[in-house]
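Containing mmCIF, C-alpha atoms: coords.cif.
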data_target
#
loop_
_atom_site.label_atom_id
_atom_site.label_comp_id
_atom_site.auth_asym_id
_atom_site.auth_seq_id
_atom_site.Cartn_x
_atom_site.Cartn_y
_atom_site.Cartn_z
CA MET Y 1 -9.56 -4.63 -21.63
CA GLU Y 2 -7.21 -1.65 -21.60
CA LYS Y 3 -5.68 -2.78 -18.32
CA SER Y 4 -5.19 -6.35 -19.63
CA ALA Y 5 -3.49 -5.07 -22.79
CA PHE Y 6 -1.16 -2.85 -20.77
CA SER Y 7 -0.31 -5.75 -18.45
CA THR Y 8 0.56 -7.99 -21.42
CA LEU Y 9 2.68 -5.24 -22.95
CA GLU Y 10 4.50 -4.73 -19.65
CA LYS Y 11 5.33 -8.44 -19.27
CA THR Y 12 6.50 -8.65 -22.90
CA PHE Y 13 8.80 -5.67 -22.32
CA LEU Y 14 10.28 -7.26 -19.18
CA ILE Y 15 10.97 -10.55 -20.98
CA LEU Y 16 12.64 -8.71 -23.88
CA LEU Y 17 14.68 -6.59 -21.46
CA SER Y 18 16.06 -9.76 -19.83
CA LEU Y 19 17.63 -10.66 -23.21
CA PHE Y 20 19.80 -7.52 -23.30
CA PRO Y 21 23.37 -8.10 -22.04
CA PHE Y 22 24.67 -5.77 -19.32
CA ILE Y 23 21.17 -4.60 -18.25
CA ASN Y 24 19.21 -7.88 -18.06
CA GLY Y 25 19.04 -7.58 -14.26
CA MET Y 26 16.95 -4.42 -14.59
CA THR Y 27 13.87 -6.66 -15.02
CA PHE Y 28 14.07 -7.73 -11.37
CA VAL Y 29 14.96 -4.21 -10.23
CA TYR Y 30 11.73 -3.05 -11.87
CA MET Y 31 9.56 -5.84 -10.44
CA GLY Y 32 11.20 -5.69 -7.01
CA SER Y 33 10.80 -1.92 -6.77
CA LYS Y 34 7.21 -2.01 -7.95
CA GLU Y 35 6.20 -4.70 -5.46
CA SER Y 36 8.56 -3.64 -2.62
CA ASN Y 37 10.22 -7.06 -2.84
CA PHE Y 38 13.82 -6.57 -1.69
CA LYS Y 39 14.76 -10.18 -2.53
CA TRP Y 40 14.08 -9.55 -6.21
CA ILE Y 41 16.33 -6.48 -6.14
CA ILE Y 42 19.14 -8.58 -4.61
CA GLU Y 43 18.54 -11.17 -7.33
CA ALA Y 44 18.95 -8.42 -9.94
CA LEU Y 45 22.37 -7.51 -8.50
CA VAL Y 46 23.42 -11.17 -8.77
CA TYR Y 47 22.55 -11.17 -12.48
CA GLU Y 48 24.49 -7.92 -13.01
CA PHE Y 49 27.57 -8.91 -10.98
CA PRO Y 50 29.39 -10.86 -13.77
CA TRP Y 51 29.00 -7.88 -16.11
CA PHE Y 52 30.48 -5.56 -13.46
CA LEU Y 53 33.49 -7.87 -13.12
CA GLN Y 54 33.91 -7.98 -16.89
CA PHE Y 55 34.12 -4.18 -17.02
CA LEU Y 56 36.59 -4.08 -14.12
CA PHE Y 57 38.90 -6.67 -15.72
CA ALA Y 58 38.49 -5.52 -19.31
CA TYR Y 59 42.30 -5.11 -19.56
CA ASN Y 60 42.75 -8.88 -19.03
CA ASP Y 61 41.31 -10.76 -22.01
CA ASP Y 62 41.15 -14.14 -20.27
CA LEU Y 63 39.34 -12.84 -17.17
CA ALA Y 64 37.04 -10.60 -19.21
CA THR Y 65 36.06 -13.55 -21.44
CA THR Y 66 35.43 -15.77 -18.40
CA PHE Y 67 33.22 -13.21 -16.70
CA ALA Y 68 31.40 -12.53 -19.98
CA GLY Y 69 30.64 -16.25 -20.16
CA PHE Y 70 29.18 -16.16 -16.65
CA GLY Y 71 27.26 -13.02 -17.61
CA ILE Y 72 25.63 -14.80 -20.58
CA LEU Y 73 24.82 -17.83 -18.40
CA PHE Y 74 23.24 -15.60 -15.77
CA MET Y 75 21.37 -13.75 -18.52
CA PHE Y 76 19.61 -16.95 -19.60
CA ILE Y 77 18.82 -17.79 -15.97
CA CYS Y 78 17.40 -14.27 -15.63
CA LEU Y 79 15.26 -14.85 -18.73
CA LEU Y 80 13.82 -18.08 -17.30
CA ARG Y 81 13.19 -16.44 -13.94
CA THR Y 82 11.48 -13.46 -15.61
CA VAL Y 83 9.12 -15.72 -17.53
CA TYR Y 84 8.44 -17.77 -14.38
CA VAL Y 85 7.77 -14.74 -12.17
CA SER Y 86 5.68 -12.99 -14.83
CA PHE Y 87 3.22 -15.85 -15.10
CA THR Y 88 3.43 -17.51 -11.69
CA TYR Y 89 3.12 -14.32 -9.69
CA LYS Y 90 0.53 -12.79 -11.99
CA LYS Y 91 -1.19 -11.00 -9.14
CA GLU Y 92 2.00 -9.41 -7.81
CA ILE Y 93 3.27 -7.91 -11.05
CA ASP Y 94 -0.08 -7.39 -12.73
CA SER Y 95 -0.05 -3.89 -14.07
CA SER Y 96 -1.52 -1.21 -11.86
CA PHE Y 97 -2.68 0.64 -14.95
CA ARG Y 98 -4.02 4.10 -14.50
CA PRO Y 99 -4.48 7.08 -16.83
CA MET Y 100 -1.20 8.82 -17.53
CA ARG Y 101 -0.80 11.88 -15.34
CA LYS Y 102 1.98 14.28 -14.49
CA ILE Y 103 4.05 13.01 -17.43
CA SER Y 104 6.32 16.02 -17.28
CA SER Y 105 7.06 15.43 -13.59
CA SER Y 106 8.53 12.00 -14.43
CA PHE Y 107 10.67 13.25 -17.31
CA TRP Y 108 13.74 13.08 -15.04
CA VAL Y 109 13.73 9.29 -15.55
CA VAL Y 110 14.97 9.76 -19.14
CA PHE Y 111 18.31 11.19 -17.96
CA SER Y 112 19.37 7.78 -16.58
CA LEU Y 113 19.54 6.46 -20.16
CA ILE Y 114 21.85 9.25 -21.37
CA MET Y 115 25.56 8.56 -20.92
CA PHE Y 116 27.42 11.31 -19.00
CA LEU Y 117 24.09 12.74 -17.75
CA ASN Y 118 22.73 9.65 -15.98
CA GLY Y 119 22.99 11.26 -12.54
CA VAL Y 120 21.18 14.48 -13.45
CA GLY Y 121 17.71 12.96 -13.10
CA LEU Y 122 18.39 11.86 -9.51
CA ILE Y 123 19.63 15.35 -8.66
CA ILE Y 124 16.45 16.86 -10.12
CA VAL Y 125 14.04 14.57 -8.27
CA GLY Y 126 16.10 14.89 -5.09
CA TYR Y 127 15.79 18.68 -5.10
CA ARG Y 128 12.11 18.51 -6.03
CA ARG Y 129 11.27 16.04 -3.24
CA ASN Y 130 13.79 17.51 -0.80
CA VAL Y 131 15.52 14.13 -0.35
CA GLN Y 132 19.21 14.89 0.09
CA ARG Y 133 20.46 11.32 -0.38
CA TRP Y 134 19.00 11.21 -3.91
CA VAL Y 135 20.88 14.40 -4.76
CA LEU Y 136 24.11 12.89 -3.39
CA GLU Y 137 23.59 9.68 -5.39
CA GLY Y 138 23.13 11.66 -8.59
CA ALA Y 139 26.22 13.73 -7.84
CA LEU Y 140 28.23 10.53 -7.23
CA PHE Y 141 27.23 9.04 -10.60
CA GLU Y 142 28.24 12.28 -12.33
CA PHE Y 143 31.52 12.40 -10.37
CA LEU Y 144 32.51 9.02 -11.88
CA TRP Y 145 32.36 10.54 -15.38
CA ILE Y 146 34.35 13.56 -14.19
CA LEU Y 147 37.08 11.21 -12.95
CA TYR Y 148 37.14 9.55 -16.36
CA PHE Y 149 37.55 12.89 -18.17
CA VAL Y 150 40.22 14.10 -15.71
CA THR Y 151 42.31 10.93 -16.21
CA TYR Y 152 41.74 10.77 -19.96
CA SER Y 153 45.30 11.86 -20.81
CA ILE Y 154 46.95 9.34 -18.46
CA ASN Y 155 47.98 5.81 -19.49
CA ASP Y 156 45.48 3.36 -20.97
CA GLY Y 157 45.31 1.12 -17.89
CA ILE Y 158 44.00 3.92 -15.65
CA ILE Y 159 41.61 5.15 -18.37
CA ASN Y 160 40.16 1.64 -18.77
CA PHE Y 161 39.71 1.33 -15.03
CA PHE Y 162 37.85 4.62 -14.63
CA ILE Y 163 35.65 4.12 -17.68
CA ALA Y 164 34.74 0.67 -16.33
CA ILE Y 165 33.77 2.25 -12.99
CA ALA Y 166 31.76 4.95 -14.80
CA VAL Y 167 29.88 2.38 -16.92
CA ILE Y 168 29.09 0.32 -13.82
CA GLY Y 169 27.83 3.54 -12.23
CA TRP Y 170 25.69 4.15 -15.30
CA ILE Y 171 24.04 0.73 -14.95
CA LEU Y 172 23.54 1.25 -11.22
CA SER Y 173 22.02 4.68 -11.86
CA ILE Y 174 19.41 3.08 -14.14
CA ALA Y 175 18.58 0.61 -11.35
CA ARG Y 176 18.33 3.39 -8.76
CA THR Y 177 16.19 5.49 -11.11
CA ILE Y 178 13.68 2.62 -11.39
CA MET Y 179 13.65 2.18 -7.60
CA ILE Y 180 13.26 5.90 -6.89
CA TYR Y 181 10.53 6.22 -9.53
CA PHE Y 182 8.37 3.79 -7.53
CA GLU Y 183 9.41 5.42 -4.25
CA GLU Y 184 8.15 8.73 -5.63
CA LYS Y 185 4.85 7.12 -6.63
CA ARG Y 186 4.45 5.80 -3.09
CA MET Y 187 5.14 9.27 -1.72
CA ASP Y 188 2.21 10.55 -3.79
CA ASN Y 189 0.01 7.67 -2.67
CA LEU Y 190 0.90 7.89 1.02
CA SER Y 191 0.38 11.63 1.03
CA PHE Y 192 -3.21 11.00 -0.06
CA SER Y 193 -5.25 10.97 3.13
CA PRO Y 194 -8.93 11.52 2.41
CA SER Y 195 -10.85 13.46 5.01
CA PRO Y 196 -14.45 14.52 5.06
CA GLN Y 197 -15.03 18.04 3.79
CA PRO Y 198 -17.27 20.31 5.86
CA VAL Y 199 -20.59 21.07 4.22
CA VAL Y 200 -21.98 24.54 4.76
CA SER Y 201 -25.73 24.57 4.47
CA THR Y 202 -28.81 26.10 6.02
CA PRO Y 203 -29.69 24.34 9.27
CA ALA Y 204 -32.74 22.14 9.03
CA PRO Y 205 -34.65 20.17 11.59
CA ASP Y 206 -33.04 16.80 12.23
CA ILE Y 207 -35.82 14.28 11.67
CA SER Y 208 -33.54 11.33 10.91
CA PRO Y 209 -33.11 8.58 13.51
CA LYS Y 210 -30.11 8.91 15.78
CA PRO Y 211 -27.19 6.61 14.83
CA VAL Y 212 -26.72 3.63 17.08
CA GLU Y 213 -23.53 3.85 19.13
CA ASN Y 214 -20.74 1.54 17.93
CA ALA Y 215 -22.60 0.91 14.69
CA VAL Y 216 -20.77 -1.28 12.18
CA VAL Y 217 -19.21 0.79 9.39
CA ASP Y 218 -20.34 -0.23 5.92
CA ILE Y 219 -17.11 -1.16 4.11
CA ILE Y 220 -17.07 -1.95 0.40
CA PRO Y 221 -16.48 -5.68 -0.27
CA GLU Y 222 -13.08 -5.18 -1.96
CA PHE Y 223 -11.64 -3.58 1.20
CA LYS Y 224 -13.02 -6.01 3.80
CA PRO Y 225 -9.96 -8.34 3.60
CA TYR Y 226 -7.70 -5.31 4.13
CA LYS Y 227 -9.69 -4.33 7.22
CA ALA Y 228 -9.07 -7.78 8.72
CA GLN Y 229 -5.34 -7.53 7.93
CA ILE Y 230 -5.08 -4.09 9.51
CA ASP Y 231 -6.86 -5.21 12.67
CA ASN Y 232 -4.58 -8.26 12.93
CA GLN Y 233 -1.50 -6.08 12.54
CA LYS Y 234 -2.78 -3.74 15.27
CA GLN Y 235 -3.41 -6.62 17.69
CA ALA Y 236 0.04 -8.03 16.99
CA PHE Y 237 1.70 -4.64 17.49
CA ASP Y 238 -0.09 -3.95 20.79
CA LYS Y 239 0.99 -7.34 22.14
CA LYS Y 240 4.61 -6.89 21.01
CA GLU Y 241 4.74 -3.36 22.44
CA GLU Y 242 3.51 -4.65 25.81
CA ASN Y 243 6.05 -7.52 25.81
CA ILE Y 244 8.97 -5.30 24.81
CA THR Y 245 8.12 -2.73 27.49
CA ASP Y 246 8.09 -5.49 30.14
CA LEU Y 247 11.43 -6.87 28.91
CA ILE Y 248 13.04 -3.43 28.89
CA ASN Y 249 11.83 -2.64 32.40
CA LYS Y 250 13.16 -5.98 33.67
CA ARG Y 251 16.57 -5.63 32.04
CA PHE Y 252 17.31 -1.93 32.53
CA GLU Y 253 16.77 0.50 35.38
CA THR Y 254 14.38 3.40 34.77
CA GLY Y 255 16.41 6.49 33.88
CA GLU Y 256 19.34 4.44 32.60
CA LEU Y 257 20.67 5.58 29.20
CA ALA Y 258 19.88 2.26 27.50
CA HIS Y 259 16.37 2.26 28.99
CA ASN Y 260 15.67 5.74 27.66
CA ARG Y 261 17.06 4.83 24.24
CA PHE Y 262 14.84 1.76 24.01
CA MET Y 263 11.72 3.59 25.14
CA SER Y 264 12.39 6.40 22.65
CA VAL Y 265 12.59 3.91 19.77
CA ILE Y 266 9.45 2.12 20.93
CA ASP Y 267 7.62 5.45 21.20
CA ASN Y 268 8.63 6.38 17.65
CA CYS Y 269 7.49 2.99 16.38
CA HIS Y 270 4.17 3.44 18.20
CA LYS Y 271 3.53 6.84 16.62
CA LEU Y 272 4.59 5.60 13.20
CA PHE Y 273 2.47 2.44 13.38
CA TYR Y 274 -0.68 4.21 14.55
CA HIS Y 275 -0.24 6.92 11.93
CA GLN Y 276 -0.34 4.22 9.24
CA PHE Y 277 -3.14 2.31 11.02
CA ASN Y 278 -5.42 5.34 11.41
CA SER Y 279 -4.79 6.53 7.87
CA ALA Y 280 -5.47 3.09 6.34
CA THR Y 281 -8.60 2.64 8.47
CA SER Y 282 -9.94 6.05 7.39
CA ILE Y 283 -9.43 5.21 3.72
CA ILE Y 284 -11.14 1.84 4.03
CA GLU Y 285 -14.12 3.16 6.00
CA MET Y 286 -14.70 6.27 3.88
CA ALA Y 287 -13.95 4.93 0.39
CA PRO Y 288 -17.15 5.17 -1.70
CA GLU Y 289 -15.79 2.63 -4.21
CA CYS Y 290 -12.63 0.68 -4.97
CA SER Y 291 -10.02 2.39 -7.10
CA GLU Y 292 -6.50 1.49 -8.16
CA ARG Y 293 -5.01 4.42 -6.25
CA LEU Y 294 -6.80 3.66 -2.98
CA ASP Y 295 -5.98 -0.04 -3.28
CA GLU Y 296 -2.24 0.65 -3.72
CA THR Y 297 -2.24 3.17 -0.86
CA VAL Y 298 -3.82 0.72 1.59
CA LYS Y 299 -1.46 -2.07 0.55
CA ASP Y 300 1.55 0.22 1.07
CA LYS Y 301 0.36 1.13 4.55
CA ILE Y 302 -0.20 -2.52 5.47
CA SER Y 303 3.32 -3.29 4.21
CA ILE Y 304 4.76 -0.58 6.46
CA MET Y 305 2.84 -1.94 9.46
CA GLU Y 306 4.19 -5.43 8.72
CA SER Y 307 7.74 -4.07 8.55
CA ILE Y 308 7.35 -2.35 11.93
CA ASN Y 309 6.02 -5.56 13.47
CA ASP Y 310 8.95 -7.52 12.00
CA GLU Y 311 11.43 -5.12 13.61
CA MET Y 312 9.57 -5.35 16.91
CA ASN Y 313 9.87 -9.13 16.65
CA ASN Y 314 13.62 -8.85 16.09
CA LEU Y 315 13.95 -6.61 19.13
CA ILE Y 316 12.05 -9.08 21.33
CA GLU Y 317 14.28 -11.93 20.14
CA GLU Y 318 17.46 -9.99 20.87
CA LEU Y 319 16.27 -9.03 24.34
CA ILE Y 320 15.35 -12.65 25.14
CA ILE Y 321 18.32 -14.45 23.55
CA HIS Y 322 21.09 -12.15 24.81
CA ASP Y 323 19.68 -11.42 28.22
CA SER Y 324 22.84 -12.66 29.96
CA ASP Y 325 25.40 -12.03 27.21
CA ASN Y 326 25.88 -8.29 27.59
CA GLU Y 327 28.81 -7.80 25.21
CA LYS Y 328 27.26 -9.71 22.33
CA SER Y 329 23.87 -8.20 23.07
CA GLU Y 330 25.20 -4.64 22.87
CA GLU Y 331 26.60 -5.26 19.37
CA ASP Y 332 23.41 -6.87 18.09
CA LEU Y 333 21.19 -4.25 19.68
CA LYS Y 334 23.21 -1.44 18.08
CA GLU Y 335 22.64 -3.07 14.70
CA LEU Y 336 18.97 -3.50 15.51
CA PHE Y 337 18.67 0.15 16.56
CA ALA Y 338 20.19 1.12 13.21
CA ASN Y 339 17.67 -1.07 11.33
CA MET Y 340 14.75 0.42 13.24
CA ASP Y 341 16.02 3.98 12.70
CA ASN Y 342 16.37 3.28 8.96
CA LEU Y 343 12.82 1.92 8.86
CA ILE Y 344 11.45 4.98 10.67
CA ASN Y 345 13.41 7.42 8.48
CA SER Y 346 12.44 5.66 5.24
CA VAL Y 347 8.74 5.86 6.13
CA LYS Y 348 9.11 9.52 7.10
CA ASP Y 349 10.21 10.18 3.51
CA TYR Y 350 6.70 9.18 2.42
CA LYS Y 351 4.80 11.41 4.83
#
Any chance you could put this one into structure tokens?
Amino acid sequence: MEKSAFSTLEKTFLILLSLFPFINGMTFVYMGSKESNFKWIIEALVYEFPWFLQFLFAYNDDLATTFAGFGILFMFICLLRTVYVSFTYKKEIDSSFRPMRKISSSFWVVFSLIMFLNGVGLIIVGYRRNVQRWVLEGALFEFLWILYFVTYSINDGIINFFIAIAVIGWILSIARTIMIYFEEKRMDNLSFSPSPQPVVSTPAPDISPKPVENAVVDIIPEFKPYKAQIDNQKQAFDKKEENITDLINKRFETGELAHNRFMSVIDNCHKLFYHQFNSATSIIEMAPECSERLDETVKDKISIMESINDEMNNLIEELIIHDSDNEKSEEDLKELFANMDNLINSVKDYK
């Protein structure tokens, strides 16, 4: 009952938020960040784009009015989409309600709502989590206000330009705060890796029957579908890894720089994938009962495994399609390397 009430309250808040000009896109930033749905975050930027243009061209009444009109139109589209997503994708955005904990540790979120201090929260959480890019983002949002104050005594045109940039930065900082808030939650979830605790007791004669080798682990019903997904992801990864290794060995000589680079990336993906696989399997097999925290943790790990398999797919396609087109292939492979490195680094943030 409590969970249902919280879910209804959350959806009502999102629908009301979509009615606020300038920040209506935050609804899809919230939902996209919570469900790791990057398409929804891109959709949020589309809804915010007319408002950004209005701020940038505030000195031109005709352009500002035109962009404001587009902003209002997009706001109503955002409202309709919010209602549609809230009720059509009930499972995806259904509230993962849990008792409130560590309220003080999330207090940094409030800073994003305070003008002139909207970057402070990101600096705080960046230092606390030792994530340098969050600190730099917070410093950038604060730097925009510093530019505004420095240029305050110059002519009105420059002042209007810098205050428009600072306000856009303020809106973006709210969006990034929402995204980082859920990233931080996933860090807490992914760092949870249950392991059996040793029990110290007086030795007693072992009169119980010996366990049968390769006995089937008793998994709670709620986690059985996840077990099937994890096994499927593992089978897919093993097959892709074998195919990629064959393609690399055929295309490049052993010891060649490109060959070593490829094998290094594949090795990192292997370690990363099996870290997630082993951790998720341990949780599923040892969980005494289903809980919201364990459920979210397993889903996050499955999502990471799917992302790794997607990148492995992309690499296979590039190696097959551009086998004879070396110049084009080199450009695409560099971009692919960058994508795979970003994936590996982003997951390392959660370890």
Find the smallest box with edges along x, y and z containing every listed atom of segment 152-162 of chain Y, then add 4 Å on each side and report centre and edge lengths in Å to one decimal, as JSON.
{"center_x": 42.9, "center_y": 6.5, "center_z": -17.8, "size_x": 18.1, "size_y": 18.7, "size_z": 14.3}
- [ ] On this file, the PyMOL selection byres ((chain Y and resi 137) around 9) gives some set of residues; write that set as a list of chain:residue names.
- [x]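 Evaluating the PyMOL selection byres ((chain Y and resi 137) around 9) on this file yields Y:Gly119, Y:Leu122, Y:Ile123, Y:Gln132, Y:Arg133, Y:Trp134, Y:Val135, Y:Leu136, Y:Gly138, Y:Ala139, Y:Leu140, Y:Phe141, Y:Glu142, Y:Ser173, Y:Arg176.
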Is there a way to get, as a PDB file with C-alpha atoms, in the frame of the given file, all residues within 9 Å of the point (3.0, 0.5, 16.9) in file coordinates, counting only C-alpha atoms?
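Wrote it out as part_36.pdb, contents follow:
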ATOM      1  CA  LYS Y 234      -2.780  -3.740  15.270  1.00  0.00           C
ATOM      2  CA  PHE Y 237       1.700  -4.640  17.490  1.00  0.00           C
ATOM      3  CA  ASP Y 238      -0.090  -3.950  20.790  1.00  0.00           C
ATOM      4  CA  LYS Y 240       4.610  -6.890  21.010  1.00  0.00           C
ATOM      5  CA  GLU Y 241       4.740  -3.360  22.440  1.00  0.00           C
ATOM      6  CA  ILE Y 266       9.450   2.120  20.930  1.00  0.00           C
ATOM      7  CA  ASP Y 267       7.620   5.450  21.200  1.00  0.00           C
ATOM      8  CA  ASN Y 268       8.630   6.380  17.650  1.00  0.00           C
ATOM      9  CA  CYS Y 269       7.490   2.990  16.380  1.00  0.00           C
ATOM     10  CA  HIS Y 270       4.170   3.440  18.200  1.00  0.00           C
ATOM     11  CA  LYS Y 271       3.530   6.840  16.620  1.00  0.00           C
ATOM     12  CA  LEU Y 272       4.590   5.600  13.200  1.00  0.00           C
ATOM     13  CA  PHE Y 273       2.470   2.440  13.380  1.00  0.00           C
ATOM     14  CA  TYR Y 274      -0.680   4.210  14.550  1.00  0.00           C
ATOM     15  CA  HIS Y 275      -0.240   6.920  11.930  1.00  0.00           C
ATOM     16  CA  PHE Y 277      -3.140   2.310  11.020  1.00  0.00           C
ATOM     17  CA  MET Y 305       2.840  -1.940   9.460  1.00  0.00           C
ATOM     18  CA  ILE Y 308       7.350  -2.350  11.930  1.00  0.00           C
ATOM     19  CA  ASN Y 309       6.020  -5.560  13.470  1.00  0.00           C
ATOM     20  CA  MET Y 312       9.570  -5.350  16.910  1.00  0.00           C
TER      21      MET Y 312
END
Open item on the list: One decimal, in Å: what's the spacing between atom CA of Ser303 of chain Y and atom CA of Ser36 of chain Y?
Closed with: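 Atom-to-atom, atom CA of Ser303 of chain Y to atom CA of Ser36 of chain Y, that is 8.6 Å.
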Task: segment 59-62 of chain Y environment, 12 Å, all atoms listed in the file, sequence neighbours closer than 2 positions dropped, as a ChimeraX atom specification - done: /Y:53-57,64-69,156-164
TODO: Work out how far atom CA of Phe107 of chain Y is from atom CA of Lys11 of chain Y, in Å to one decimal.
DONE: 22.4 Å
Open item on the list: Please determine, counting only C-alpha atoms, which residue among Y:Ser112, Y:Ile168, Y:Asp295, Y:Lys227 has the shortest atom-to-atom distance to Tyr181 of chain Y.
Closed with: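 Smallest distance to Tyr181 of chain Y is found for Y:Ser112.
Using all atoms listed in the file, the protein and nucleic acid residues lying no more than 9 Å from Ile244 of chain Y, apart from those fewer than 5 places from it along its own chain, are Lys239, Asn249, Ile266, Met312, Leu315, Ile316 and Leu319 of chain Y.
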- [ ] Record the distance separating atom CA of Glu253 of chain Y and atom CA of Ile320 of chain Y, expressed in Å with one decimal.
- [x]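 According to the coordinates, atom CA of Glu253 of chain Y and atom CA of Ile320 of chain Y are separated by 16.7 Å.
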Open item on the list: Please determine, counting only C-alpha atoms, which residue among Y:Thr8, Y:Asn155, Y:Ser264, Y:Asn24 has the shortest atom-to-atom distance to Trp51 of chain Y.
Closed with: Y:Asn24
TODO: Go through the shown structure with the PyMOL selection byres ((chain Y and resi 257-261) around 12) and write out the matching residues as a ChimeraX atom specification.
DONE: /Y:244-256,262-268,330,333-334,337,341
Open item on the list: With distances taken over only C-alpha atoms, which residue among Y:Ile220, Y:Ile230, Y:Ile174, Y:Ile72 lies nearest Ser291 of chain Y?
Closed with: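 Comparing Y:Ile220, Y:Ile230, Y:Ile174, Y:Ile72 against Ser291 of chain Y, the winner is Y:Ile220.
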List the neighbours of Ile178 of chain Y out to 10 Å using all atoms listed in the file; skip same-chain residues closer than 3 positions along the sequence, and give me the result as a PDB file with C-alpha atoms, keeping the file's coordinate frame.
ATOM      1  CA  MET Y  26      16.950  -4.420 -14.590  1.00  0.00           C
ATOM      2  CA  THR Y  27      13.870  -6.660 -15.020  1.00  0.00           C
ATOM      3  CA  VAL Y  29      14.960  -4.210 -10.230  1.00  0.00           C
ATOM      4  CA  TYR Y  30      11.730  -3.050 -11.870  1.00  0.00           C
ATOM      5  CA  MET Y  31       9.560  -5.840 -10.440  1.00  0.00           C
ATOM      6  CA  GLY Y  32      11.200  -5.690  -7.010  1.00  0.00           C
ATOM      7  CA  SER Y  33      10.800  -1.920  -6.770  1.00  0.00           C
ATOM      8  CA  LYS Y  34       7.210  -2.010  -7.950  1.00  0.00           C
ATOM      9  CA  VAL Y 109      13.730   9.290 -15.550  1.00  0.00           C
ATOM     10  CA  SER Y 112      19.370   7.780 -16.580  1.00  0.00           C
ATOM     11  CA  LEU Y 172      23.540   1.250 -11.220  1.00  0.00           C
ATOM     12  CA  SER Y 173      22.020   4.680 -11.860  1.00  0.00           C
ATOM     13  CA  ILE Y 174      19.410   3.080 -14.140  1.00  0.00           C
ATOM     14  CA  ALA Y 175      18.580   0.610 -11.350  1.00  0.00           C
ATOM     15  CA  TYR Y 181      10.530   6.220  -9.530  1.00  0.00           C
ATOM     16  CA  PHE Y 182       8.370   3.790  -7.530  1.00  0.00           C
ATOM     17  CA  GLU Y 183       9.410   5.420  -4.250  1.00  0.00           C
TER      18      GLU Y 183
END
